[in-house]
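Encoded as structure tokens, the structure appears first; notes follow it.
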Protein chains: 2
Amino acid sequence: MKRYQQLAHDIAALIDNGVLTPGERVPSVRQASKTYRVSPATVYQAYFLLENRGLIHAKPRSGYYVCEHASAPVPPSAPVDSPVSTAVDVNDLVFAVMRAIADPAVIPLGSAFPCASLFPMERLCRSLSKATKQLDAQSLVSQLPQGHHDLRRQIIQRYTLANVPATLDELIITNGALEGLNLCLQAVTQAGDFVAVQAPAFYAPLQALERLQLNAIEIPVDSQGNLDLPFLRRALEKYPIKACWFMTSFQNPLGTTLGEADKQALVELLTQHRVPLIEDDVYSELYFSPRPVKPAKAFDRQGWVMHCGSFSKSLAPGYRVGWTCAGRFAQQVERLKLMTTLSASLPAQAAIADYLQHGGYDRHLRKLRQSLKAQQQQMIAAITRYFPDGCRCTTADGGYFLWLELPPNVDSLKLFHVARSHNISIAPGPIFSARRAFRHCIRLNYGKPWSADIDRAMQTLGRLVAEF
Amino acid sequence: MKRYQQLAHDIAALIDNGVLTPGERVPSVRQASKTYRVSPATVYQAYFLLENRGLIHAKPRSGYYVCEHASAPVPPSAPVDSPVSTAVDVNDLVFAVMRAIADPAVIPLGSAFPCASLFPMERLCRSLSKATKQLDAQSLVSQLPQGHHDLRRQIIQRYTLANVPATLDELIITNGALEGLNLCLQAVTQAGDFVAVQAPAFYAPLQALERLQLNAIEIPVDSQGNLDLPFLRRALEKYPIKACWFMTSFQNPLGTTLGEADKQALVELLTQHRVPLIEDDVYSELYFSPRPVKPAKAFDRQGWVMHCGSFSKSLAPGYRVGWTCAGRFAQQVERLKLMTTLSASLPAQAAIADYLQHGGYDRHLRKLRQSLKAQQQQMIAAITRYFPDGCRCTTADGGYFLWLELPPNVDSLKLFHVARSHNISIAPGPIFSARRAFRHCIRLNYGKPWSADIDRAMQTLGRLVAEF
């Protein structure tokens, strides 16, 4: 940990422990420089970091003050300065949510996964047998580390049909999109760098940033899915941002989508600043509109977009096959892949390649989209019926997540624990924020076919919310 | 990069560019401290680093001198101080070797992989179909991230039969052993830490160290496979070593094995120093002796050994299923797994679980060992027949590698390029050393059934060596 990070960490701890209270002035730069025996420049760096995290704010000609919301009961985060303790902090929560959904007795409203019963697992298994039998010995090494050749061809064909510029050269098959996203991030950053993420964001980028000791710059997303582009532009001017990790369509946890014009503006802005966009696009096939939604990659002319996709949410959960089209960074990603996991499992890759060619993927997708849309309507109806006034939810155009804003007095972390004791899992808002914000929000999963059990769980959840 | 690393880097560059020549005195500590405006302590740290890398050496009461072999035509390495350029340096070579073996026209003597024709791919494919059909939807999430439950049980049973203490709690299935090894390393180190590796070592740890900005301490291994334990003890006393990454049986590239008494002494030494051993044991099933060889893990009483295994070399190449029994660090490894690739491919895991139970794994292994042993003898005979005097090779008790020491005037990097033009791949010595040592050594793979093509390739190779 660098000195300014250590200092920021110490001051965050003072705020956290209530030694410095909201509204109070933090030590002046000169005073802190003396107390902590560091240079004024180091103090400035530390204060910039704390400001960026929303813990303190500057008043012109007066100094720095603790923000009003800074001392929440949960530590207001320190994703970079105390990588170990914060990592444990997020992960304890994420692990608790994971454990809850692993328990078959629990209604998995907090799950990040779709329900496997919606997928053509039997047909896929036929492709698996057939394609694995046909694998020849040479193919076991000749396709390292980029992946199964036919599968790569099929993926590029789908890009081409969607009018998205992507080439075989830049395509690398990964162990699910999660690996692709992590490799892309590692290819373009070093410890201490700044990375822009959405707020709220899927917890994977937050965990990755902590793990790799990167600083998060949170870019707000509103409930319609609009990314605050002027805010991003200011951030790019203020910080030497090395990458943006954004989910652009049917975003987890909001479910919302960035408009096409904004996607284009985003790519242009980042190209102008020469900053790569790591585009997490794992729900792209799950659109409810008549026509598909374009990714930001569609507007990429100079290879700054590293587009990451997956079959885990649309075809083959558990097979762990994803990919990245990493643009101008493809070779770096390929080398990282070679050094860390070598290649994705070949039978799974061959199975999906065969299925894409012969299995009727588009027919399956049409059915899947219809099911998800119907399930979304059922869940919205249940919220209307069972939840108290003052609850608002996003209406997504695809995917299988709802973002539910509860009345401000509801603490979603407490709700998580109470719901868990009723055998219901939810995903509490703070796991989707580097600052542990969104305490009165939860993410609900409607990826499981509607049932009396789910209906009952929603009823219970509505009652628990009302009891706050 | 820290100041002392920067300084070491600058001085390494002077040596590399020939500004400081072999035998020449490097600036005194006082002089360097003045010139570079750093404290004497920083200069000492930098010189320790350069000494450890074999670039300079101290003469008592006289100062530091550039080593005789330091300014080789290939940059004498700087795995930590210039992570980017060195990473490219090793990887260019490793990639070139990989590309060579991916070409079906090339005789893959430089391959790291066994030949798939020695494996029961068809029988395994039957297990794959059957077991994948039986996967239920719930199992897709309930076994995250530790892995397929039956497979984990089977692996622990094999440990138990071999009298190696290992429990279900500490076992995590990974995307091949390579992922397990990388996760173990990340679980116990941070950038800047010191890690002990063997010299020569498999290139994977060297790449991982570069990628994670860790310092390599090379512990010599002789051609009988003996690790220099007194050297390791001194290293442990001198440096705050955070982990050892050692291959203990049928080591890649030597093929040799550390004796059981030494394995026990190693575990005791590391336990005493509270330093984890990352034990790369992917060839353990490929022993030629009547009885199996014990891993260091067999002597682990306090959970300091993180044992990493794989089915890629013994049963299922391309399936990418490995594991780690990570001892007291299991939870950290599990969390890293969850954050980076979530889980290994389920069909591949289920297939191997079924095969282990019904496929006749031990029968297959007996046959495999016999084939490999016969192929080893054929390759040694070919070396005797075709290679000039002054060549010496290791005789391993298992695995499928030979380490061949060529006459001192042979440059294995040049040999690699010349052999490649004859459609033969070899693995040149320098890719197995953080210091790019072993320039007159090569690793040969005898994992492919003997054929006229291989015989001819050995004859050509012998002639090329003689021409140096």
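By convention here, the chains of the structure tokens are called A, B, ... in the order presented, each chain's residues are numbered starting at 1, and ligands are numbered starting at 1 in the order presented.
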Exercise for review: Using only C-alpha atoms, find the residues of chain B whose closest atom to chain A is at most 8 Å away, then write them as a ChimeraX atom specification.
Suggested key: /B:91,101-104,113,115-117,122,125-126,128-129,132-133,137-138,140-144,175-176,178-179,182,204,207-208,317-321,335,339-348
Taking N, CA and C atoms for each residue, export the selection above as a short mmCIF file (atom, residue, chain, number, x, y, z; two decimals), in the first residue's frame.
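Okay, this is what ended up in out.cif:
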```cif
data_model
loop_
_atom_site.label_atom_id
_atom_site.label_comp_id
_atom_site.auth_asym_id
_atom_site.auth_seq_id
_atom_site.Cartn_x
_atom_site.Cartn_y
_atom_site.Cartn_z
N ASN B 91 7.62 -14.71 -22.88
CA ASN B 91 6.45 -15.19 -23.57
C ASN B 91 6.66 -15.31 -25.06
N ILE B 101 4.41 -26.29 -31.77
CA ILE B 101 3.76 -27.58 -31.52
C ILE B 101 2.32 -27.61 -32.03
N ALA B 102 1.73 -26.42 -32.26
CA ALA B 102 0.36 -26.38 -32.76
C ALA B 102 0.31 -26.76 -34.25
N ASP B 103 1.44 -26.65 -34.90
CA ASP B 103 1.52 -26.94 -36.33
C ASP B 103 1.64 -28.46 -36.52
N PRO B 104 0.62 -29.09 -37.16
CA PRO B 104 0.64 -30.55 -37.26
C PRO B 104 1.82 -31.09 -38.07
N PHE B 113 2.88 -31.27 -23.69
CA PHE B 113 1.69 -32.12 -23.55
C PHE B 113 1.99 -33.57 -23.87
N CYS B 115 0.73 -37.16 -25.62
CA CYS B 115 0.01 -37.43 -26.85
C CYS B 115 -1.36 -38.03 -26.53
N ALA B 116 -2.42 -37.45 -27.09
CA ALA B 116 -3.78 -37.86 -26.73
C ALA B 116 -4.07 -39.31 -27.11
N SER B 117 -3.31 -39.88 -28.05
CA SER B 117 -3.60 -41.26 -28.47
C SER B 117 -3.32 -42.25 -27.34
N GLU B 122 -12.27 -42.40 -26.02
CA GLU B 122 -13.61 -42.89 -26.36
C GLU B 122 -14.40 -43.30 -25.12
N CYS B 125 -15.50 -40.38 -23.31
CA CYS B 125 -16.61 -39.72 -23.99
C CYS B 125 -17.94 -40.39 -23.61
N ARG B 126 -17.92 -41.73 -23.42
CA ARG B 126 -19.14 -42.41 -22.95
C ARG B 126 -19.52 -41.90 -21.56
N LEU B 128 -18.79 -39.06 -20.42
CA LEU B 128 -19.23 -37.67 -20.59
C LEU B 128 -20.72 -37.61 -20.93
N SER B 129 -21.15 -38.42 -21.90
CA SER B 129 -22.56 -38.41 -22.31
C SER B 129 -23.46 -38.80 -21.15
N THR B 132 -23.35 -36.27 -18.08
CA THR B 132 -23.93 -34.96 -18.34
C THR B 132 -25.45 -35.06 -18.40
N LYS B 133 -25.95 -36.18 -18.95
CA LYS B 133 -27.40 -36.40 -18.98
C LYS B 133 -27.98 -36.39 -17.56
N ALA B 137 -30.53 -29.66 -12.65
CA ALA B 137 -30.45 -28.20 -12.74
C ALA B 137 -29.84 -27.61 -11.47
N GLN B 138 -30.23 -28.12 -10.33
CA GLN B 138 -29.75 -27.56 -9.07
C GLN B 138 -28.23 -27.69 -8.95
N LEU B 140 -26.07 -27.30 -11.00
CA LEU B 140 -25.32 -26.28 -11.74
C LEU B 140 -24.91 -25.13 -10.84
N VAL B 141 -25.71 -24.86 -9.81
CA VAL B 141 -25.31 -23.78 -8.91
C VAL B 141 -24.82 -24.28 -7.54
N SER B 142 -25.31 -25.44 -7.12
CA SER B 142 -25.01 -25.86 -5.75
C SER B 142 -23.55 -26.28 -5.59
N GLN B 143 -22.87 -26.55 -6.70
CA GLN B 143 -21.49 -27.04 -6.57
C GLN B 143 -20.46 -25.95 -6.87
N LEU B 144 -20.92 -24.72 -6.92
CA LEU B 144 -20.03 -23.58 -7.12
C LEU B 144 -19.45 -23.13 -5.79
N ASN B 175 -9.66 -25.11 -13.34
CA ASN B 175 -9.51 -25.26 -14.80
C ASN B 175 -8.09 -25.72 -15.09
N GLY B 176 -7.85 -26.99 -14.89
CA GLY B 176 -6.49 -27.52 -15.01
C GLY B 176 -5.67 -27.14 -13.79
N LEU B 178 -2.96 -25.60 -13.84
CA LEU B 178 -2.37 -24.27 -14.02
C LEU B 178 -3.17 -23.20 -13.28
N GLU B 179 -4.50 -23.29 -13.36
CA GLU B 179 -5.30 -22.32 -12.63
C GLU B 179 -5.11 -22.49 -11.12
N ASN B 182 -1.85 -20.97 -10.01
CA ASN B 182 -1.92 -19.51 -10.04
C ASN B 182 -2.77 -18.95 -8.90
N ALA B 204 5.81 -21.96 -16.22
CA ALA B 204 4.57 -21.38 -15.68
C ALA B 204 4.82 -20.55 -14.42
N GLN B 207 6.45 -17.26 -15.43
CA GLN B 207 5.49 -16.33 -16.03
C GLN B 207 4.58 -15.72 -14.97
N ALA B 208 4.14 -16.57 -14.03
CA ALA B 208 3.22 -16.09 -12.98
C ALA B 208 3.92 -15.04 -12.12
N PRO B 317 -6.68 -35.02 -21.45
CA PRO B 317 -6.15 -33.78 -22.01
C PRO B 317 -7.26 -33.00 -22.71
N GLY B 318 -7.25 -31.69 -22.55
CA GLY B 318 -8.26 -30.85 -23.20
C GLY B 318 -9.52 -30.66 -22.38
N TYR B 319 -9.74 -31.54 -21.37
CA TYR B 319 -10.93 -31.37 -20.53
C TYR B 319 -10.72 -30.22 -19.55
N ARG B 320 -9.48 -29.91 -19.26
CA ARG B 320 -9.12 -28.83 -18.34
C ARG B 320 -9.73 -29.01 -16.96
N VAL B 321 -9.43 -30.15 -16.35
CA VAL B 321 -9.88 -30.40 -14.98
C VAL B 321 -8.66 -30.71 -14.12
N ARG B 335 -12.28 -18.38 -2.71
CA ARG B 335 -12.83 -17.05 -3.00
C ARG B 335 -12.22 -16.46 -4.27
N MET B 339 -14.18 -15.46 -7.80
CA MET B 339 -14.09 -14.12 -8.38
C MET B 339 -13.54 -14.12 -9.79
N THR B 340 -12.81 -15.18 -10.18
CA THR B 340 -12.10 -15.10 -11.45
C THR B 340 -12.70 -15.98 -12.55
N THR B 341 -13.02 -17.23 -12.24
CA THR B 341 -13.61 -18.08 -13.29
C THR B 341 -14.84 -18.84 -12.80
N LEU B 342 -15.25 -18.61 -11.56
CA LEU B 342 -16.47 -19.17 -10.99
C LEU B 342 -16.38 -20.68 -10.76
N SER B 343 -16.22 -21.47 -11.83
CA SER B 343 -16.12 -22.92 -11.65
C SER B 343 -15.53 -23.56 -12.90
N ALA B 344 -15.09 -24.79 -12.77
CA ALA B 344 -14.65 -25.54 -13.94
C ALA B 344 -15.89 -26.04 -14.69
N SER B 345 -15.70 -26.39 -15.95
CA SER B 345 -16.81 -26.86 -16.78
C SER B 345 -17.43 -28.11 -16.17
N LEU B 346 -18.74 -28.08 -15.95
CA LEU B 346 -19.39 -29.19 -15.26
C LEU B 346 -19.41 -30.50 -16.05
N PRO B 347 -19.71 -30.49 -17.36
CA PRO B 347 -19.69 -31.77 -18.08
C PRO B 347 -18.35 -32.48 -17.95
N ALA B 348 -17.26 -31.75 -18.07
CA ALA B 348 -15.93 -32.36 -17.96
C ALA B 348 -15.71 -32.96 -16.57
#
```
Exercise for review: Can you check which residues of region 124-223 of chain B DSSP gives as alpha helix (DSSP H) on the backbone and send them as number ranges by chain?
Suggested key: B: 124-133, 139-142, 149-161, 176-188, 203-211
With C-alpha atoms kept, could you save the residues just selected as an mmCIF file, in the first residue's frame?
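Saved file out_33.cif follows:
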```cif
data_model
loop_
_atom_site.group_PDB
_atom_site.id
_atom_site.type_symbol
_atom_site.label_atom_id
_atom_site.label_comp_id
_atom_site.auth_asym_id
_atom_site.auth_seq_id
_atom_site.Cartn_x
_atom_site.Cartn_y
_atom_site.Cartn_z
ATOM 1 C CA LEU B 124 -14.194 -41.059 -21.404
ATOM 2 C CA CYS B 125 -16.612 -39.724 -23.992
ATOM 3 C CA ARG B 126 -19.138 -42.411 -22.952
ATOM 4 C CA SER B 127 -18.775 -41.221 -19.366
ATOM 5 C CA LEU B 128 -19.232 -37.671 -20.589
ATOM 6 C CA SER B 129 -22.563 -38.409 -22.311
ATOM 7 C CA LYS B 130 -23.917 -40.469 -19.456
ATOM 8 C CA ALA B 131 -22.858 -38.183 -16.639
ATOM 9 C CA THR B 132 -23.933 -34.955 -18.345
ATOM 10 C CA LYS B 133 -27.402 -36.396 -18.979
ATOM 11 C CA SER B 139 -26.268 -29.063 -9.320
ATOM 12 C CA LEU B 140 -25.325 -26.283 -11.737
ATOM 13 C CA VAL B 141 -25.309 -23.779 -8.907
ATOM 14 C CA SER B 142 -25.006 -25.858 -5.747
ATOM 15 C CA HIS B 149 -19.286 -33.281 -5.538
ATOM 16 C CA ASP B 150 -18.720 -36.851 -6.784
ATOM 17 C CA LEU B 151 -15.475 -35.880 -8.458
ATOM 18 C CA ARG B 152 -14.254 -34.302 -5.244
ATOM 19 C CA ARG B 153 -15.141 -37.466 -3.319
ATOM 20 C CA GLN B 154 -13.246 -39.604 -5.840
ATOM 21 C CA ILE B 155 -10.150 -37.435 -5.609
ATOM 22 C CA ILE B 156 -10.138 -37.554 -1.814
ATOM 23 C CA GLN B 157 -10.523 -41.347 -1.970
ATOM 24 C CA ARG B 158 -7.381 -41.543 -4.098
ATOM 25 C CA TYR B 159 -5.479 -39.381 -1.636
ATOM 26 C CA THR B 160 -6.668 -41.590 1.205
ATOM 27 C CA LEU B 161 -5.599 -44.800 -0.562
ATOM 28 C CA GLY B 176 -6.488 -27.521 -15.014
ATOM 29 C CA ALA B 177 -3.659 -27.490 -12.470
ATOM 30 C CA LEU B 178 -2.372 -24.267 -14.024
ATOM 31 C CA GLU B 179 -5.299 -22.317 -12.627
ATOM 32 C CA GLY B 180 -4.938 -23.994 -9.219
ATOM 33 C CA LEU B 181 -1.257 -23.107 -9.034
ATOM 34 C CA ASN B 182 -1.920 -19.507 -10.039
ATOM 35 C CA LEU B 183 -4.744 -19.128 -7.529
ATOM 36 C CA CYS B 184 -2.598 -20.614 -4.752
ATOM 37 C CA LEU B 185 0.192 -18.165 -5.554
ATOM 38 C CA GLN B 186 -2.197 -15.218 -5.568
ATOM 39 C CA ALA B 187 -3.740 -16.342 -2.289
ATOM 40 C CA VAL B 188 -0.453 -16.041 -0.388
ATOM 41 C CA TYR B 203 8.083 -21.758 -17.141
ATOM 42 C CA ALA B 204 4.571 -21.383 -15.680
ATOM 43 C CA PRO B 205 5.819 -20.194 -12.260
ATOM 44 C CA LEU B 206 8.280 -17.844 -13.936
ATOM 45 C CA GLN B 207 5.494 -16.327 -16.032
ATOM 46 C CA ALA B 208 3.224 -16.092 -12.984
ATOM 47 C CA LEU B 209 5.928 -14.318 -10.979
ATOM 48 C CA GLU B 210 6.454 -11.804 -13.741
ATOM 49 C CA ARG B 211 2.739 -11.236 -14.180
#
```
Point to revise | Using only C-alpha atoms: which of B:Ala434, B:Tyr355, B:Lys373, B:Gly225 has the shortest distance to Val195 (chain B) | key: B:Ala434
Check your understanding: Quick one: residues within 9 Å of Tyr4 (chain A), only C-alpha atoms counted, chain neighbours fewer than 5 positions away excluded, as a list in words?
Key ->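 Contacts, with the query itself left out: His9, Val38, Ala41, Thr42, Val43, Tyr44, Gln45, Ala46, Tyr47, Leu49 and Asp81 of chain A.
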For region 383-385 of chain A, please output as a CSV table (one decimal) with N, CA and C atoms, in the first residue's frame all residues within 8 Å (counting only C-alpha atoms; exclusion window: fewer than 4 positions along the same chain).
```csv
chain,number,residue,atom,x,y,z
A,379,MET,N,-43.7,-11.2,-11.9
A,379,MET,CA,-43.0,-10.6,-10.7
A,379,MET,C,-43.4,-9.2,-10.4
A,458,MET,N,-42.7,-14.1,-2.5
A,458,MET,CA,-42.8,-12.6,-2.8
A,458,MET,C,-43.8,-12.0,-1.8
A,462,GLY,N,-42.8,-9.1,0.8
A,462,GLY,CA,-43.5,-7.8,0.9
A,462,GLY,C,-43.9,-7.5,2.3
```
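The space between CA of Leu50 (chain B) and CA of Leu269 (chain B) spans 26.1 Å.
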**Study point:** Selected residue of minimal separation from Arg3 (chain B) among B:Gln251, B:Ser39, B:Ser451, B:Ser28, counting only C-alpha atoms
**Key:**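 Among B:Gln251, B:Ser39, B:Ser451, B:Ser28, it is B:Ser39 that comes nearest to Arg3 (chain B).
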